[in-house]
>>> print(open('run02.txt').read())   # compact mmCIF, C-alpha atoms (C1' of nucleotides)
# COMPACT_ATOMS: atom_id res chain seq x y z
CA MET A 1 7.77 9.73 19.21
CA ARG A 2 8.76 7.35 16.44
CA LEU A 3 6.04 7.13 13.81
CA ALA A 4 6.07 4.75 10.85
CA THR A 5 3.88 3.78 7.92
CA TRP A 6 3.93 0.47 6.07
CA ASN A 7 1.80 -1.18 3.43
CA VAL A 8 2.18 -4.76 4.63
CA ASN A 9 0.15 -6.51 1.88
CA SER A 10 -1.73 -8.83 4.27
CA ILE A 11 -1.19 -8.54 8.01
CA ARG A 12 -1.77 -12.25 8.47
CA ALA A 13 0.88 -13.24 5.91
CA ARG A 14 3.26 -10.60 7.34
CA LEU A 15 2.64 -10.96 11.07
CA GLU A 16 6.09 -12.23 12.06
CA ARG A 17 7.81 -9.68 9.87
CA VAL A 18 5.80 -6.78 11.30
CA THR A 19 5.96 -7.71 14.99
CA SER A 20 9.67 -8.47 14.93
CA TRP A 21 10.33 -5.22 13.05
CA LEU A 22 8.34 -3.27 15.66
CA ALA A 23 10.27 -4.89 18.49
CA ARG A 24 13.64 -4.20 16.88
CA ASN A 25 12.97 -0.62 15.85
CA ASP A 26 11.46 1.00 18.93
CA VAL A 27 8.44 2.23 16.97
CA ASP A 28 5.71 4.00 18.95
CA VAL A 29 3.02 4.32 16.28
CA LEU A 30 2.66 2.29 13.08
CA ALA A 31 0.13 3.16 10.40
CA VAL A 32 -0.62 -0.04 8.47
CA GLN A 33 -2.18 -0.38 5.04
CA GLU A 34 -3.54 -3.36 3.10
CA THR A 35 -4.24 -5.57 6.07
CA LYS A 36 -6.49 -7.61 3.75
CA CYS A 37 -8.79 -8.80 6.48
CA ARG A 38 -11.93 -8.04 8.46
CA ASP A 39 -11.71 -6.71 12.01
CA ARG A 40 -12.28 -10.10 13.62
CA GLN A 41 -9.47 -11.63 11.54
CA PHE A 42 -6.85 -9.09 12.62
CA PRO A 43 -4.19 -10.78 14.81
CA ARG A 44 -4.49 -8.33 17.71
CA ASP A 45 -2.93 -10.49 20.39
CA ALA A 46 0.49 -10.46 18.73
CA PHE A 47 0.53 -6.66 19.14
CA THR A 48 -1.02 -6.36 22.58
CA ALA A 49 1.60 -8.87 23.79
CA LEU A 50 4.22 -6.30 22.76
CA GLY A 51 2.47 -3.49 24.60
CA TYR A 52 0.59 -1.92 21.69
CA GLU A 53 -3.04 -1.02 21.27
CA VAL A 54 -4.65 -1.82 17.93
CA LEU A 55 -7.26 0.05 15.91
CA HIS A 56 -8.32 -1.71 12.72
CA HIS A 57 -10.79 -0.94 9.96
CA GLY A 58 -11.41 -3.78 7.53
CA LEU A 59 -14.60 -4.58 5.62
CA SER A 60 -13.55 -7.48 3.38
CA GLN A 61 -10.46 -9.29 2.12
CA TRP A 62 -9.46 -6.13 0.24
CA ASN A 63 -7.87 -2.93 1.53
CA GLY A 64 -7.95 -2.59 5.33
CA VAL A 65 -6.07 -0.02 7.43
CA ALA A 66 -4.84 -0.06 11.01
CA ILE A 67 -3.03 2.03 13.58
CA VAL A 68 -0.89 0.30 16.17
CA SER A 69 0.23 2.51 19.06
CA ARG A 70 1.88 2.31 22.46
CA VAL A 71 1.38 6.03 23.17
CA GLY A 72 -2.41 6.21 23.06
CA LEU A 73 -5.11 5.75 20.47
CA GLU A 74 -7.93 8.24 20.95
CA ASP A 75 -10.91 9.53 18.99
CA PRO A 76 -11.00 6.87 16.26
CA GLU A 77 -12.50 7.83 12.89
CA ARG A 78 -13.25 5.33 10.15
CA GLY A 79 -13.05 7.18 6.85
CA PHE A 80 -13.03 10.99 6.56
CA ALA A 81 -15.87 13.41 5.88
CA GLY A 82 -16.61 13.46 2.15
CA MET A 83 -14.63 10.29 1.38
CA PRO A 84 -15.93 8.86 -1.91
CA GLY A 85 -17.14 5.28 -2.20
CA TRP A 86 -16.80 2.65 -4.91
CA GLY A 87 -19.25 0.39 -6.72
CA GLU A 88 -22.91 0.50 -7.55
CA PRO A 89 -24.41 1.62 -5.32
CA ARG A 90 -21.43 3.52 -4.00
CA ALA A 91 -20.09 2.17 -0.73
CA PRO A 92 -17.14 3.39 1.34
CA GLU A 93 -14.07 1.15 1.39
CA ALA A 94 -11.66 0.56 4.30
CA ARG A 95 -8.99 3.02 3.19
CA ALA A 96 -8.74 5.68 5.89
CA LEU A 97 -8.43 5.48 9.65
CA GLY A 98 -7.65 8.32 12.03
CA ALA A 99 -6.69 8.41 15.71
CA THR A 100 -4.86 10.70 18.10
CA CYS A 101 -1.59 9.28 19.44
CA ASP A 102 0.21 11.35 22.09
CA GLY A 103 -1.43 14.51 20.76
CA VAL A 104 -0.69 13.83 17.09
CA ARG A 105 -3.62 13.21 14.76
CA VAL A 106 -2.46 10.19 12.75
CA TRP A 107 -4.19 9.04 9.57
CA SER A 108 -3.47 5.65 8.02
CA LEU A 109 -4.36 6.05 4.34
CA TYR A 110 -4.57 3.69 1.41
CA VAL A 111 -5.24 5.66 -1.76
CA PRO A 112 -7.04 3.62 -4.46
CA ASN A 113 -4.94 2.11 -7.23
CA GLY A 114 -6.02 3.61 -10.56
CA ARG A 115 -4.99 0.42 -12.39
CA ASP A 116 -4.94 2.13 -15.80
CA LEU A 117 -5.41 5.72 -16.94
CA ALA A 118 -8.57 4.71 -18.83
CA ASP A 119 -10.00 2.49 -16.07
CA PRO A 120 -12.96 3.61 -13.95
CA HIS A 121 -10.74 2.98 -10.91
CA MET A 122 -8.67 5.94 -12.08
CA GLU A 123 -11.61 8.32 -11.74
CA TYR A 124 -12.26 6.84 -8.31
CA LYS A 125 -8.65 7.45 -7.34
CA MET A 126 -8.87 11.07 -8.48
CA ARG A 127 -12.12 11.68 -6.60
CA TRP A 128 -10.62 10.10 -3.51
CA LEU A 129 -7.39 12.14 -3.62
CA ARG A 130 -9.24 15.40 -4.18
CA ALA A 131 -11.62 14.65 -1.33
CA LEU A 132 -8.68 13.84 0.94
CA GLY A 133 -6.98 17.13 0.07
CA SER A 134 -10.17 18.99 0.75
CA ALA A 135 -10.74 17.25 4.09
CA ALA A 136 -7.14 17.74 5.20
CA GLY A 137 -7.33 21.41 4.24
CA SER A 138 -10.45 21.83 6.33
CA TRP A 139 -8.73 20.30 9.38
CA LEU A 140 -6.02 22.95 9.16
CA ALA A 141 -8.53 25.71 8.45
CA GLU A 142 -10.16 24.77 11.73
CA ASP A 143 -6.86 24.62 13.63
CA PRO A 144 -3.79 25.88 11.71
CA GLY A 145 -1.42 24.69 14.44
CA ALA A 146 -2.73 21.13 14.60
CA PRO A 147 -0.09 18.37 14.49
CA ILE A 148 -1.41 16.03 11.77
CA ALA A 149 0.32 13.13 9.99
CA LEU A 150 -1.14 11.88 6.70
CA ALA A 151 0.65 8.57 6.51
CA GLY A 152 0.23 5.81 4.01
CA ASP A 153 0.36 4.39 0.53
CA TRP A 154 -0.54 7.24 -1.80
CA ASN A 155 -0.10 5.27 -5.04
CA VAL A 156 1.40 8.42 -6.55
CA ALA A 157 5.06 9.09 -7.38
CA PRO A 158 4.94 12.89 -7.27
CA ARG A 159 8.31 13.73 -8.91
CA ASP A 160 10.28 12.18 -11.74
CA GLU A 161 13.07 11.26 -9.33
CA ASP A 162 10.57 9.18 -7.33
CA VAL A 163 10.69 6.47 -10.02
CA TRP A 164 13.53 4.53 -11.62
CA ASP A 165 12.80 5.58 -15.20
CA MET A 166 10.04 7.83 -16.47
CA ALA A 167 10.42 6.40 -19.98
CA ASP A 168 9.43 2.95 -18.69
CA LEU A 169 6.29 4.40 -17.11
CA GLU A 170 4.95 6.51 -19.93
CA GLY A 171 1.16 6.35 -20.05
CA MET A 172 0.95 4.55 -16.70
CA THR A 173 -0.74 5.49 -13.45
CA HIS A 174 1.20 6.86 -10.44
CA VAL A 175 3.11 9.40 -12.54
CA SER A 176 0.38 11.15 -14.55
CA ASP A 177 0.03 14.92 -14.35
CA ARG A 178 -3.42 14.82 -12.82
CA GLU A 179 -2.41 12.42 -10.05
CA ARG A 180 0.59 14.60 -9.31
CA ARG A 181 -1.55 17.74 -9.26
CA ALA A 182 -3.93 16.11 -6.77
CA PHE A 183 -0.97 15.09 -4.59
CA ASP A 184 0.51 18.59 -4.79
CA ALA A 185 -2.87 20.04 -3.79
CA VAL A 186 -2.48 18.25 -0.45
CA LEU A 187 0.94 19.86 0.00
CA ASP A 188 -0.57 23.23 -0.95
CA ALA A 189 -3.20 22.73 1.75
CA GLY A 190 -0.40 22.97 4.31
CA PHE A 191 1.36 19.59 4.44
CA HIS A 192 5.00 18.64 3.93
CA ASP A 193 6.86 15.57 2.73
CA VAL A 194 9.20 15.22 5.71
CA VAL A 195 11.26 12.38 4.22
CA ARG A 196 12.67 13.78 0.97
CA PRO A 197 14.64 16.65 2.55
CA ARG A 198 16.40 14.09 4.75
CA ARG A 199 16.72 11.33 2.17
CA PRO A 200 17.60 12.92 -1.15
CA GLY A 201 17.23 10.91 -4.34
CA PRO A 202 17.56 9.57 -6.84
CA GLY A 203 17.16 5.90 -6.12
CA VAL A 204 15.29 6.30 -2.83
CA TYR A 205 12.11 4.23 -3.05
CA THR A 206 9.44 2.67 -0.84
CA TYR A 207 7.86 0.19 -3.26
CA TRP A 208 9.12 -2.40 -5.72
CA ASP A 209 6.55 -4.48 -7.60
CA HIS A 210 6.75 -8.22 -6.95
CA GLN A 211 6.28 -8.68 -10.67
CA ARG A 212 9.09 -8.26 -13.16
CA LEU A 213 11.81 -8.65 -10.55
CA ARG A 214 11.66 -4.95 -9.78
CA PHE A 215 13.58 -5.16 -6.50
CA PRO A 216 16.68 -7.01 -7.70
CA ARG A 217 16.76 -4.65 -10.66
CA GLY A 218 16.54 -1.55 -8.49
CA GLN A 219 13.34 -0.49 -10.21
CA GLY A 220 11.32 1.09 -7.42
CA MET A 221 8.97 3.95 -6.78
CA ARG A 222 8.52 6.31 -3.86
CA ILE A 223 4.77 6.20 -3.27
CA ASP A 224 4.52 5.89 0.54
CA PHE A 225 4.62 9.17 2.42
CA VAL A 226 4.26 10.82 5.75
CA LEU A 227 2.83 14.25 4.97
CA ALA A 228 3.05 16.38 8.11
CA SER A 229 1.20 19.58 8.89
CA THR A 230 3.54 22.54 9.41
CA ALA A 231 3.30 22.30 13.21
CA LEU A 232 4.25 18.63 13.09
CA ALA A 233 6.90 19.01 10.36
CA GLU A 234 8.76 21.50 12.56
CA ARG A 235 9.14 18.77 15.19
CA VAL A 236 10.56 16.11 12.87
CA SER A 237 14.17 15.32 13.77
CA SER A 238 14.91 12.47 11.35
CA ALA A 239 13.36 10.26 8.71
CA SER A 240 14.27 7.11 6.82
CA ILE A 241 13.04 4.25 4.66
CA ASP A 242 13.89 0.73 5.85
CA ARG A 243 14.78 -0.80 2.50
CA SER A 244 16.11 -3.93 4.22
CA GLU A 245 12.52 -4.99 4.94
CA ARG A 246 11.93 -5.43 1.20
CA LYS A 247 14.61 -8.12 1.10
CA GLY A 248 14.26 -11.85 1.33
CA LYS A 249 11.47 -14.34 1.39
CA GLY A 250 8.16 -13.21 2.83
CA ALA A 251 8.68 -9.49 2.22
CA SER A 252 5.87 -7.07 1.45
CA ASP A 253 6.27 -5.18 -1.82
CA HIS A 254 6.55 -1.98 0.29
CA ALA A 255 9.22 -0.92 2.80
CA PRO A 256 8.40 0.93 6.03
CA VAL A 257 8.85 4.70 6.23
CA VAL A 258 10.00 5.97 9.64
CA VAL A 259 9.81 9.49 11.09
CA ASP A 260 11.07 10.72 14.47
CA VAL A 261 9.05 13.50 16.08
CA ASP A 262 10.26 15.63 19.00
CA PRO A 263 7.89 16.13 21.94
CA ALA A 264 5.56 19.13 21.69
CA GLY A 265 7.35 22.25 22.85
C1' DA B 1 12.13 -13.66 -24.07
C1' DT B 2 7.42 -7.44 -22.92
C1' DG B 3 7.35 -12.52 -18.65
C1' DG B 4 8.95 -13.38 -14.41
C1' DT B 5 5.41 -12.70 -8.02
C1' DC B 6 2.73 -12.50 -4.36
C1' DG B 7 -1.62 -12.00 -1.60
C1' DG B 8 -6.64 -13.21 -0.97
C1' DT B 9 -9.71 -17.00 -2.19
C1' DG B 10 -11.93 -21.07 -4.20
C1' DG B 11 -11.53 -22.86 -9.37
C1' DC B 12 -9.65 -15.95 -10.72
C1' DC B 13 -9.16 -11.21 -8.94
C1' DG B 14 -6.20 -7.53 -7.22
C1' DA B 15 -1.58 -5.22 -6.77
>>> encode(input="run02.txt", output="structure tokens")
Amino acid sequence: MRLATWNVNSIRARLERVTSWLARNDVDVLAVQETKCRDRQFPRDAFTALGYEVLHHGLSQWNGVAIVSRVGLEDPERGFAGMPGWGEPRAPEARALGATCDGVRVWSLYVPNGRDLADPHMEYKMRWLRALGSAAGSWLAEDPGAPIALAGDWNVAPRDEDVWDMADLEGMTHVSDRERRAFDAVLDAGFHDVVRPRRPGPGVYTYWDHQRLRFPRGQGMRIDFVLASTALAERVSSASIDRSERKGKGASDHAPVVVDVDPAG
DNA sequence: ATGGTCGGTGGCCGA
């Protein structure tokens, strides 16, 4: 099974890019983030025409997550148990969507952007990450051999080599110690970054800000991950980042991350 | 030169 994750930064603006990429790359399951639309606005027909089923969770013009699959899409879950909300009063946002695809529990995740270390959004991001780690840990406590993929835009660059220059990012979000600790807590709960061992850095990124000409300058960050449970990680045969999708007019600011998974033994 | 671009939307907000 070929599994991918991609923050598309508006599915309606990116529809041609995404569908043609799917058709060219033989992808079975795509976890999508930042669809930026409500359910009724999601362009389903373009995917069903290619033989995919679509599961979408969107509540407004912000956020929005989807899973597109041609190998099944069972037991949908919108949000996870204990997922924090935002606002006053607190309300859940469309940032997490789970479904089982050919026996693999796939989560499409869009971790909140902290904006600034002193911004209230930062506390929200921390709450959200900790709750995700806790939920993911409980799934494995229940079934240690479960094949689970936590796929998405984590808005955290967990190691120094995941960014172009730590000096340029001093005092910024994505690289702070507490964000990194929260990310590492998910790994400690029994999950594995299956891309880095196969795509060693430095200079391997998934995101380049549209602002400040980050892409032409090679100033990227690796913030999109497929974190696989041990049982799933053992089945991963290859992994890559399709940097070519960041090129040209009409590109998202993120590139797709692709993982190949062997059939269950 | 400390900005530069893209989305959503509706006359700014979010990344």
>>> interface_residues(input="run02.txt", of="chain A", to="chain B", cutoff="9 Å", atoms="only C-alpha atoms (C1' of nucleotides)", output="PDB file with C-alpha atoms, keeping the file's coordinate frame")
ATOM      1  CA  ASN A   9       0.150  -6.510   1.880  1.00  0.00           C
ATOM      2  CA  SER A  10      -1.730  -8.830   4.270  1.00  0.00           C
ATOM      3  CA  ALA A  13       0.880 -13.240   5.910  1.00  0.00           C
ATOM      4  CA  LYS A  36      -6.490  -7.610   3.750  1.00  0.00           C
ATOM      5  CA  CYS A  37      -8.790  -8.800   6.480  1.00  0.00           C
ATOM      6  CA  GLN A  61     -10.460  -9.290   2.120  1.00  0.00           C
ATOM      7  CA  TRP A  62      -9.460  -6.130   0.240  1.00  0.00           C
ATOM      8  CA  ASN A 113      -4.940   2.110  -7.230  1.00  0.00           C
ATOM      9  CA  ARG A 115      -4.990   0.420 -12.390  1.00  0.00           C
ATOM     10  CA  ASP A 209       6.550  -4.480  -7.600  1.00  0.00           C
ATOM     11  CA  HIS A 210       6.750  -8.220  -6.950  1.00  0.00           C
ATOM     12  CA  GLN A 211       6.280  -8.680 -10.670  1.00  0.00           C
ATOM     13  CA  ARG A 212       9.090  -8.260 -13.160  1.00  0.00           C
ATOM     14  CA  LEU A 213      11.810  -8.650 -10.550  1.00  0.00           C
ATOM     15  CA  SER A 252       5.870  -7.070   1.450  1.00  0.00           C
ATOM     16  CA  ASP A 253       6.270  -5.180  -1.820  1.00  0.00           C
TER      17      ASP A 253
END
>>> atom_distance(input="run02.txt", atom1="CA of Ser244 in chain A", atom2="CA of Thr35 in chain A")
20.5 Å
>>> axis_aligned_box(input="run02.txt", around="range 216-226 of chain A", padding_each_side="4 Å", output="lines of an AutoDock Vina configuration file")
center_x = 10.5
center_y = 1.9
center_z = -2.5
size_x = 20.5
size_y = 25.8
size_z = 24.4
>>> atom_distance(input="run02.txt", atom1="CA of Ala131 in chain A", atom2="CA of Tyr207 in chain A")
24.3 Å
>>> atom_distance(input="run02.txt", atom1="CA of Gly152 in chain A", atom2="CA of Gly137 in chain A")
17.3 Å
>>> residues_around(input="run02.txt", residues="Ile223 in chain A", least_positions_apart="5", cutoff="6 Å", atoms="all atoms listed in the file", output="list in words")
Trp154, Asn155, Val156 and Ala157 of chain A
>>> residues_around(input="run02.txt", residues="Ile11 in chain A", least_positions_apart="3", cutoff="8 Å", atoms="only C-alpha atoms (C1' of nucleotides)", output="JSON, numbers by chain")
{"A": [8, 14, 15, 18, 34, 35, 36, 37, 42, 43]}
>>> decode(input="run02.txt", residues="chain B", atoms="N, CA and C atoms (P, O5', C5', C4', C3', O3' and C1' of nucleotides)", output="PDB file, in the first residue's frame")
ATOM      1  P    DA B   1      20.677  48.913   2.999  1.00  0.00           P
ATOM      2  O5'  DA B   1      19.336  48.143   2.625  1.00  0.00           O
ATOM      3  C5'  DA B   1      18.455  48.048   3.654  1.00  0.00           C
ATOM      4  C4'  DA B   1      17.110  47.863   3.057  1.00  0.00           C
ATOM      5  C3'  DA B   1      16.414  46.606   3.619  1.00  0.00           C
ATOM      6  O3'  DA B   1      15.123  46.967   3.930  1.00  0.00           O
ATOM      7  C1'  DA B   1      16.303  46.599   1.304  1.00  0.00           C
ATOM      8  P    DT B   2      14.324  46.815   5.174  1.00  0.00           P
ATOM      9  O5'  DT B   2      14.384  45.241   5.417  1.00  0.00           O
ATOM     10  C5'  DT B   2      13.361  44.422   4.940  1.00  0.00           C
ATOM     11  C4'  DT B   2      12.937  43.488   6.057  1.00  0.00           C
ATOM     12  C3'  DT B   2      12.635  44.188   7.381  1.00  0.00           C
ATOM     13  O3'  DT B   2      11.467  43.649   7.929  1.00  0.00           O
ATOM     14  C1'  DT B   2      14.242  42.513   7.729  1.00  0.00           C
ATOM     15  P    DG B   3      10.061  44.318   7.598  1.00  0.00           P
ATOM     16  O5'  DG B   3       9.890  44.125   6.026  1.00  0.00           O
ATOM     17  C5'  DG B   3       8.852  43.441   5.526  1.00  0.00           C
ATOM     18  C4'  DG B   3       8.780  43.532   4.018  1.00  0.00           C
ATOM     19  C3'  DG B   3       8.150  42.259   3.458  1.00  0.00           C
ATOM     20  O3'  DG B   3       7.251  42.699   2.439  1.00  0.00           O
ATOM     21  C1'  DG B   3      10.257  42.635   2.424  1.00  0.00           C
ATOM     22  P    DG B   4       5.901  41.848   2.293  1.00  0.00           P
ATOM     23  O5'  DG B   4       6.133  41.209   0.871  1.00  0.00           O
ATOM     24  C5'  DG B   4       6.530  42.043  -0.206  1.00  0.00           C
ATOM     25  C4'  DG B   4       7.374  41.253  -1.173  1.00  0.00           C
ATOM     26  C3'  DG B   4       6.822  39.849  -1.487  1.00  0.00           C
ATOM     27  O3'  DG B   4       6.679  39.727  -2.892  1.00  0.00           O
ATOM     28  C1'  DG B   4       9.128  39.763  -1.013  1.00  0.00           C
ATOM     29  P    DT B   5       5.361  39.054  -3.473  1.00  0.00           P
ATOM     30  O5'  DT B   5       5.248  37.643  -2.730  1.00  0.00           O
ATOM     31  C5'  DT B   5       6.054  36.548  -3.094  1.00  0.00           C
ATOM     32  C4'  DT B   5       5.237  35.292  -2.847  1.00  0.00           C
ATOM     33  C3'  DT B   5       3.938  35.223  -3.644  1.00  0.00           C
ATOM     34  O3'  DT B   5       3.699  33.864  -3.916  1.00  0.00           O
ATOM     35  C1'  DT B   5       3.431  35.164  -1.364  1.00  0.00           C
ATOM     36  P    DC B   6       3.290  33.344  -5.328  1.00  0.00           P
ATOM     37  O5'  DC B   6       2.119  32.326  -4.963  1.00  0.00           O
ATOM     38  C5'  DC B   6       0.871  32.833  -4.620  1.00  0.00           C
ATOM     39  C4'  DC B   6       0.381  32.142  -3.379  1.00  0.00           C
ATOM     40  C3'  DC B   6      -1.106  31.881  -3.447  1.00  0.00           C
ATOM     41  O3'  DC B   6      -1.312  30.500  -3.673  1.00  0.00           O
ATOM     42  C1'  DC B   6      -0.422  32.756  -1.324  1.00  0.00           C
ATOM     43  P    DG B   7      -2.598  30.052  -4.534  1.00  0.00           P
ATOM     44  O5'  DG B   7      -3.550  29.515  -3.392  1.00  0.00           O
ATOM     45  C5'  DG B   7      -4.685  30.262  -3.035  1.00  0.00           C
ATOM     46  C4'  DG B   7      -5.110  29.855  -1.655  1.00  0.00           C
ATOM     47  C3'  DG B   7      -6.530  30.290  -1.355  1.00  0.00           C
ATOM     48  O3'  DG B   7      -7.411  29.205  -1.548  1.00  0.00           O
ATOM     49  C1'  DG B   7      -5.049  31.111   0.316  1.00  0.00           C
ATOM     50  P    DG B   8      -8.867  29.495  -2.018  1.00  0.00           P
ATOM     51  O5'  DG B   8      -9.557  30.165  -0.747  1.00  0.00           O
ATOM     52  C5'  DG B   8     -10.169  29.327   0.224  1.00  0.00           C
ATOM     53  C4'  DG B   8     -10.453  30.151   1.454  1.00  0.00           C
ATOM     54  C3'  DG B   8     -11.658  31.080   1.311  1.00  0.00           C
ATOM     55  O3'  DG B   8     -12.800  30.489   1.913  1.00  0.00           O
ATOM     56  C1'  DG B   8      -9.770  32.264   2.166  1.00  0.00           C
ATOM     57  P    DT B   9     -14.198  30.942   1.392  1.00  0.00           P
ATOM     58  O5'  DT B   9     -14.256  32.510   1.698  1.00  0.00           O
ATOM     59  C5'  DT B   9     -14.308  32.959   3.035  1.00  0.00           C
ATOM     60  C4'  DT B   9     -14.005  34.440   3.115  1.00  0.00           C
ATOM     61  C3'  DT B   9     -15.137  35.349   2.641  1.00  0.00           C
ATOM     62  O3'  DT B   9     -15.729  35.927   3.797  1.00  0.00           O
ATOM     63  C1'  DT B   9     -12.969  36.140   1.972  1.00  0.00           C
ATOM     64  P    DG B  10     -17.089  36.760   3.629  1.00  0.00           P
ATOM     65  O5'  DG B  10     -16.535  38.253   3.375  1.00  0.00           O
ATOM     66  C5'  DG B  10     -15.679  38.889   4.328  1.00  0.00           C
ATOM     67  C4'  DG B  10     -15.189  40.216   3.769  1.00  0.00           C
ATOM     68  C3'  DG B  10     -16.318  41.214   3.458  1.00  0.00           C
ATOM     69  O3'  DG B  10     -15.827  42.542   3.642  1.00  0.00           O
ATOM     70  C1'  DG B  10     -15.213  40.636   1.456  1.00  0.00           C
ATOM     71  P    DG B  11     -15.787  43.172   5.026  1.00  0.00           P
ATOM     72  O5'  DG B  11     -14.511  44.146   4.958  1.00  0.00           O
ATOM     73  C5'  DG B  11     -13.214  43.597   5.066  1.00  0.00           C
ATOM     74  C4'  DG B  11     -12.260  44.413   4.239  1.00  0.00           C
ATOM     75  C3'  DG B  11     -12.271  45.888   4.556  1.00  0.00           C
ATOM     76  O3'  DG B  11     -10.969  46.426   4.452  1.00  0.00           O
ATOM     77  C1'  DG B  11     -12.998  45.570   2.348  1.00  0.00           C
ATOM     78  P    DC B  12     -10.430  46.916   5.791  1.00  0.00           P
ATOM     79  O5'  DC B  12     -10.133  45.422   6.227  1.00  0.00           O
ATOM     80  C5'  DC B  12      -9.013  45.146   7.004  1.00  0.00           C
ATOM     81  C4'  DC B  12      -9.179  43.746   7.487  1.00  0.00           C
ATOM     82  C3'  DC B  12      -8.003  43.280   8.327  1.00  0.00           C
ATOM     83  O3'  DC B  12      -8.538  42.665   9.487  1.00  0.00           O
ATOM     84  C1'  DC B  12      -8.351  41.795   6.504  1.00  0.00           C
ATOM     85  P    DC B  13      -7.469  41.916  10.453  1.00  0.00           P
ATOM     86  O5'  DC B  13      -7.678  40.387  10.056  1.00  0.00           O
ATOM     87  C5'  DC B  13      -8.796  39.649  10.554  1.00  0.00           C
ATOM     88  C4'  DC B  13      -8.604  38.207  10.178  1.00  0.00           C
ATOM     89  C3'  DC B  13      -7.440  37.526  10.925  1.00  0.00           C
ATOM     90  O3'  DC B  13      -7.846  36.232  11.321  1.00  0.00           O
ATOM     91  C1'  DC B  13      -7.131  37.317   8.597  1.00  0.00           C
ATOM     92  P    DG B  14      -6.979  35.501  12.441  1.00  0.00           P
ATOM     93  O5'  DG B  14      -6.210  34.408  11.580  1.00  0.00           O
ATOM     94  C5'  DG B  14      -6.890  33.327  10.970  1.00  0.00           C
ATOM     95  C4'  DG B  14      -5.970  32.613  10.028  1.00  0.00           C
ATOM     96  C3'  DG B  14      -4.652  32.147  10.652  1.00  0.00           C
ATOM     97  O3'  DG B  14      -4.574  30.739  10.532  1.00  0.00           O
ATOM     98  C1'  DG B  14      -4.299  33.163   8.553  1.00  0.00           C
ATOM     99  P    DA B  15      -3.396  29.980  11.263  1.00  0.00           P
ATOM    100  O5'  DA B  15      -2.283  29.874  10.127  1.00  0.00           O
ATOM    101  C5'  DA B  15      -2.249  28.699   9.308  1.00  0.00           C
ATOM    102  C4'  DA B  15      -1.254  28.910   8.200  1.00  0.00           C
ATOM    103  C3'  DA B  15       0.196  28.644   8.574  1.00  0.00           C
ATOM    104  O3'  DA B  15       0.657  27.470   7.909  1.00  0.00           O
ATOM    105  C1'  DA B  15      -0.029  30.560   7.187  1.00  0.00           C
TER     106       DA B  15
END
